[in-house]
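Participant: Sending over a structure as structure tokens; questions will come in a sec.
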Amino acid sequence: LTESPLSAIQMLWVNLIMDSMASLALASEEPGPALLDRRPYPRDQPVLSRHMVRSIVCHSAYQLALLSLLIFGLGDVCHGTGDTCEGQVLVDKYGSLRSGRPPAFDLAGLGDGACPPVHNASDPSTVDSLGRPLRGADFCSTTHAHEAPTRHYTIVFNVFVLLQVFNEVNARKIHGEMNVLRGLGSHSLFLCVVGGTLAVQAALVQLPGLNRAFGCEALTARQ
């Protein structure tokens, strides 16, 4: 891709979730009786345990795979403008969303029939039966281009934020505990941070004006 699926202001919001708000929620959780059952750590103990490293690697790989699937597995390449396809669909991906990827990236992998050749006076294949040029220099970029922001990339942004929220819940237990929700009901500050994050994220995506500032397009209930 020639551009990032996430804008700069979206990355600032993600950093705020992952750094400031997550550290506030996790650091304020009171220790439980199980803390006294753990042995003291030796001086040469690594900062990151094997379980922590495994969790970081596995969750990073999961996020990368899921986001790559959303970026490249969604988004039809088609004629028209906006988030709906008008006329011929050149590449039919999963769902009915229009691609939010750069037009140059989508069109590079298509056959010659997708974009008629640029007009050349000495090449008869570049004109129609009446001698008129089949396309101008900007035909493909204007015919297959999308209008920013797009619902396609809004879904990518929304899923990315939700992955960080879920990871925040998983990070409560770092010693191999299976039940990451244990004791969550008694940690009111953590619930407030998570609930506030989800509420703000919904506003960033759905509220007119605010969503445009964050490069988002309002999603439907199904999306």
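By order of appearance in the structure tokens: chains A, B, ..., then residues from 1 within every chain, and ligands from 1 in the order shown.
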If we count only C-alpha atoms and set the cut-off at 12 Å, which residues sit around Phe166 of chain A, ignoring sequence neighbours fewer than 4 positions away in its own chain? Please answer as a count of residues only.

Facilitator: 18

Participant: Got a sec: who's within 6 Å of Val77 of chain A, counting only C-alpha atoms, leaving out chain neighbours fewer than 3 positions off, as number ranges by chain?

Facilitator: A: 90-91, 99

Participant: What would the file look like if the residues just selected were written as a compact mmCIF listing (two decimals), in the first residue's frame with C-alpha atoms?

Facilitator:
```txt
# COMPACT_ATOMS: atom_id res chain seq x y z
CA LEU A 90 -13.99 -5.50 -11.32
CA VAL A 91 -12.91 -7.36 -8.16
CA SER A 99 -12.50 -0.64 -1.39
```

Participant: Can you tell me, as number ranges by chain, what residues are no more than 12 Å from Ile174 of chain A when counting only C-alpha atoms, ignoring any on the same chain fewer than 5 positions away?

Facilitator: A: 26, 48-56, 167-169, 179-180

Participant: Between atom CA of Asp106 of chain A and atom CA of Leu69 of chain A, measure the distance and give it in Å to one decimal.

Facilitator: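 Value for the atom CA of Asp106 of chain A-atom CA of Leu69 of chain A distance: 15.2 Å.
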
Participant: For atom CA of Gly215 of chain A and atom CA of Leu24 of chain A, determine how far apart the two atoms are, in Å to one decimal place.

Facilitator: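 Separation of atom CA of Gly215 of chain A and atom CA of Leu24 of chain A: 27.1 Å.
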
Participant: May I ask which of the residues A:Thr154, A:Ser60, A:Ser96, A:Ser122 is the closest one to Val205 of chain A, counting only C-alpha atoms?

Facilitator: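 Nearest candidate to Val205 of chain A out of A:Thr154, A:Ser60, A:Ser96, A:Ser122: A:Thr154.
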
Participant: Can you pull out the residues contacting Ala25 of chain A? Cut-off 8 Å, using only C-alpha atoms, and skip same-chain residues under 3 positions away; I want them as a list in words.

Facilitator: Met21, Ala22, Ser28, Glu29, Leu189, Phe190 and Val193 of chain A

Participant: Keeping only N, CA, C and O atoms, write the selected residues to a file as a PDB file, in the first residue's frame.

Facilitator:
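selection-v9.pdb, written as the output of this step:
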```pdb
ATOM      1  N   MET A  21      -4.575   5.429  29.157  1.00  0.00           N
ATOM      2  CA  MET A  21      -5.779   4.871  29.760  1.00  0.00           C
ATOM      3  C   MET A  21      -5.564   3.439  30.236  1.00  0.00           C
ATOM      4  O   MET A  21      -6.055   3.049  31.302  1.00  0.00           O
ATOM      5  N   ALA A  22      -4.819   2.638  29.475  1.00  0.00           N
ATOM      6  CA  ALA A  22      -4.568   1.255  29.890  1.00  0.00           C
ATOM      7  C   ALA A  22      -3.700   1.209  31.145  1.00  0.00           C
ATOM      8  O   ALA A  22      -3.957   0.414  32.061  1.00  0.00           O
ATOM      9  N   SER A  28      -4.043   0.679  38.737  1.00  0.00           N
ATOM     10  CA  SER A  28      -4.890   1.009  39.889  1.00  0.00           C
ATOM     11  C   SER A  28      -5.596  -0.207  40.472  1.00  0.00           C
ATOM     12  O   SER A  28      -6.322  -0.064  41.463  1.00  0.00           O
ATOM     13  N   GLU A  29      -5.399  -1.378  39.883  1.00  0.00           N
ATOM     14  CA  GLU A  29      -6.066  -2.565  40.401  1.00  0.00           C
ATOM     15  C   GLU A  29      -5.394  -3.031  41.692  1.00  0.00           C
ATOM     16  O   GLU A  29      -4.170  -3.194  41.751  1.00  0.00           O
ATOM     17  N   LEU A 189     -12.759   1.312  38.647  1.00  0.00           N
ATOM     18  CA  LEU A 189     -12.012   2.228  37.789  1.00  0.00           C
ATOM     19  C   LEU A 189     -11.698   1.573  36.447  1.00  0.00           C
ATOM     20  O   LEU A 189     -11.790   2.215  35.393  1.00  0.00           O
ATOM     21  N   PHE A 190     -11.345   0.299  36.470  1.00  0.00           N
ATOM     22  CA  PHE A 190     -11.064  -0.420  35.219  1.00  0.00           C
ATOM     23  C   PHE A 190     -12.309  -0.456  34.344  1.00  0.00           C
ATOM     24  O   PHE A 190     -12.235  -0.212  33.135  1.00  0.00           O
ATOM     25  N   VAL A 193     -12.878   2.957  32.779  1.00  0.00           N
ATOM     26  CA  VAL A 193     -11.942   3.246  31.687  1.00  0.00           C
ATOM     27  C   VAL A 193     -12.345   2.495  30.425  1.00  0.00           C
ATOM     28  O   VAL A 193     -12.394   3.073  29.332  1.00  0.00           O
TER      29      VAL A 193
END
```

Participant: Between atom CA of Arg38 of chain A and atom CA of Ser20 of chain A, what is the distance, to one decimal in Å?

Facilitator: 28.2 Å

Participant: Between A:Leu97, A:Ile71, A:Leu66, A:Ala148, single out the one closest to Ala213 of chain A, counting only C-alpha atoms.

Facilitator: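 Among the listed residues, A:Ala148 lies closest to Ala213 of chain A.
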
Participant: Do a neighbour search on Ala202 of chain A at 12 Å with only C-alpha atoms, toss out local chain neighbours closer than 6 positions, and write the hits as JSON, numbers by chain.

Facilitator: {"A": [154, 155, 157, 158, 159, 161, 162, 195, 196, 208, 210, 211, 214, 216, 217, 218, 219, 220, 221]}

Participant: With only C-alpha atoms as the counted atoms, please give the residues lying no more than 10 Å from Lys93 of chain A, apart from itself and same-chain residues fewer than 6 positions off, as a PDB file with all heavy atoms, in the first residue's frame.

Facilitator:
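Saved to part_14.pdb:
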```
ATOM      1  N   PHE A  72      -7.155  -6.447   3.099  1.00  0.00           N
ATOM      2  CA  PHE A  72      -7.028  -7.009   1.757  1.00  0.00           C
ATOM      3  C   PHE A  72      -8.166  -7.949   1.381  1.00  0.00           C
ATOM      4  O   PHE A  72      -8.340  -8.253   0.205  1.00  0.00           O
ATOM      5  CB  PHE A  72      -5.697  -7.746   1.626  1.00  0.00           C
ATOM      6  CG  PHE A  72      -4.501  -6.860   1.844  1.00  0.00           C
ATOM      7  CD1 PHE A  72      -3.760  -6.955   3.013  1.00  0.00           C
ATOM      8  CD2 PHE A  72      -4.127  -5.938   0.887  1.00  0.00           C
ATOM      9  CE1 PHE A  72      -2.656  -6.138   3.221  1.00  0.00           C
ATOM     10  CE2 PHE A  72      -3.030  -5.113   1.084  1.00  0.00           C
ATOM     11  CZ  PHE A  72      -2.283  -5.212   2.258  1.00  0.00           C
ATOM     12  N   GLY A  73      -8.927  -8.427   2.356  1.00  0.00           N
ATOM     13  CA  GLY A  73     -10.010  -9.351   2.063  1.00  0.00           C
ATOM     14  C   GLY A  73     -11.352  -8.696   1.882  1.00  0.00           C
ATOM     15  O   GLY A  73     -12.290  -9.326   1.401  1.00  0.00           O
ATOM     16  N   LEU A  74     -11.470  -7.431   2.281  1.00  0.00           N
ATOM     17  CA  LEU A  74     -12.698  -6.662   2.082  1.00  0.00           C
ATOM     18  C   LEU A  74     -12.452  -5.592   1.024  1.00  0.00           C
ATOM     19  O   LEU A  74     -11.316  -5.231   0.735  1.00  0.00           O
ATOM     20  CB  LEU A  74     -13.146  -5.991   3.384  1.00  0.00           C
ATOM     21  CG  LEU A  74     -13.618  -6.874   4.534  1.00  0.00           C
ATOM     22  CD1 LEU A  74     -13.980  -6.008   5.736  1.00  0.00           C
ATOM     23  CD2 LEU A  74     -14.779  -7.741   4.135  1.00  0.00           C
ATOM     24  N   GLY A  75     -13.524  -5.068   0.505  1.00  0.00           N
ATOM     25  CA  GLY A  75     -13.415  -3.936  -0.408  1.00  0.00           C
ATOM     26  C   GLY A  75     -13.459  -4.320  -1.866  1.00  0.00           C
ATOM     27  O   GLY A  75     -12.479  -4.822  -2.416  1.00  0.00           O
ATOM     28  N   ASP A  76     -14.622  -4.111  -2.514  1.00  0.00           N
ATOM     29  CA  ASP A  76     -14.765  -4.390  -3.943  1.00  0.00           C
ATOM     30  C   ASP A  76     -14.117  -3.276  -4.764  1.00  0.00           C
ATOM     31  O   ASP A  76     -14.160  -2.105  -4.393  1.00  0.00           O
ATOM     32  CB  ASP A  76     -16.242  -4.500  -4.333  1.00  0.00           C
ATOM     33  CG  ASP A  76     -16.933  -5.659  -3.637  1.00  0.00           C
ATOM     34  OD1 ASP A  76     -16.222  -6.581  -3.198  1.00  0.00           O
ATOM     35  OD2 ASP A  76     -18.177  -5.637  -3.530  1.00  0.00           O
ATOM     36  N   VAL A  77     -13.530  -3.659  -5.883  1.00  0.00           N
ATOM     37  CA  VAL A  77     -12.991  -2.693  -6.841  1.00  0.00           C
ATOM     38  C   VAL A  77     -14.025  -2.542  -7.944  1.00  0.00           C
ATOM     39  O   VAL A  77     -14.373  -3.527  -8.606  1.00  0.00           O
ATOM     40  CB  VAL A  77     -11.645  -3.161  -7.420  1.00  0.00           C
ATOM     41  CG1 VAL A  77     -11.086  -2.124  -8.389  1.00  0.00           C
ATOM     42  CG2 VAL A  77     -10.654  -3.431  -6.302  1.00  0.00           C
ATOM     43  N   SER A  99     -13.866  -0.646  -1.885  1.00  0.00           N
ATOM     44  CA  SER A  99     -12.498  -0.640  -1.387  1.00  0.00           C
ATOM     45  C   SER A  99     -12.082   0.742  -0.903  1.00  0.00           C
ATOM     46  O   SER A  99     -12.356   1.756  -1.552  1.00  0.00           O
ATOM     47  CB  SER A  99     -11.542  -1.098  -2.500  1.00  0.00           C
ATOM     48  OG  SER A  99     -10.195  -0.910  -2.096  1.00  0.00           O
TER      49      SER A  99
END
```
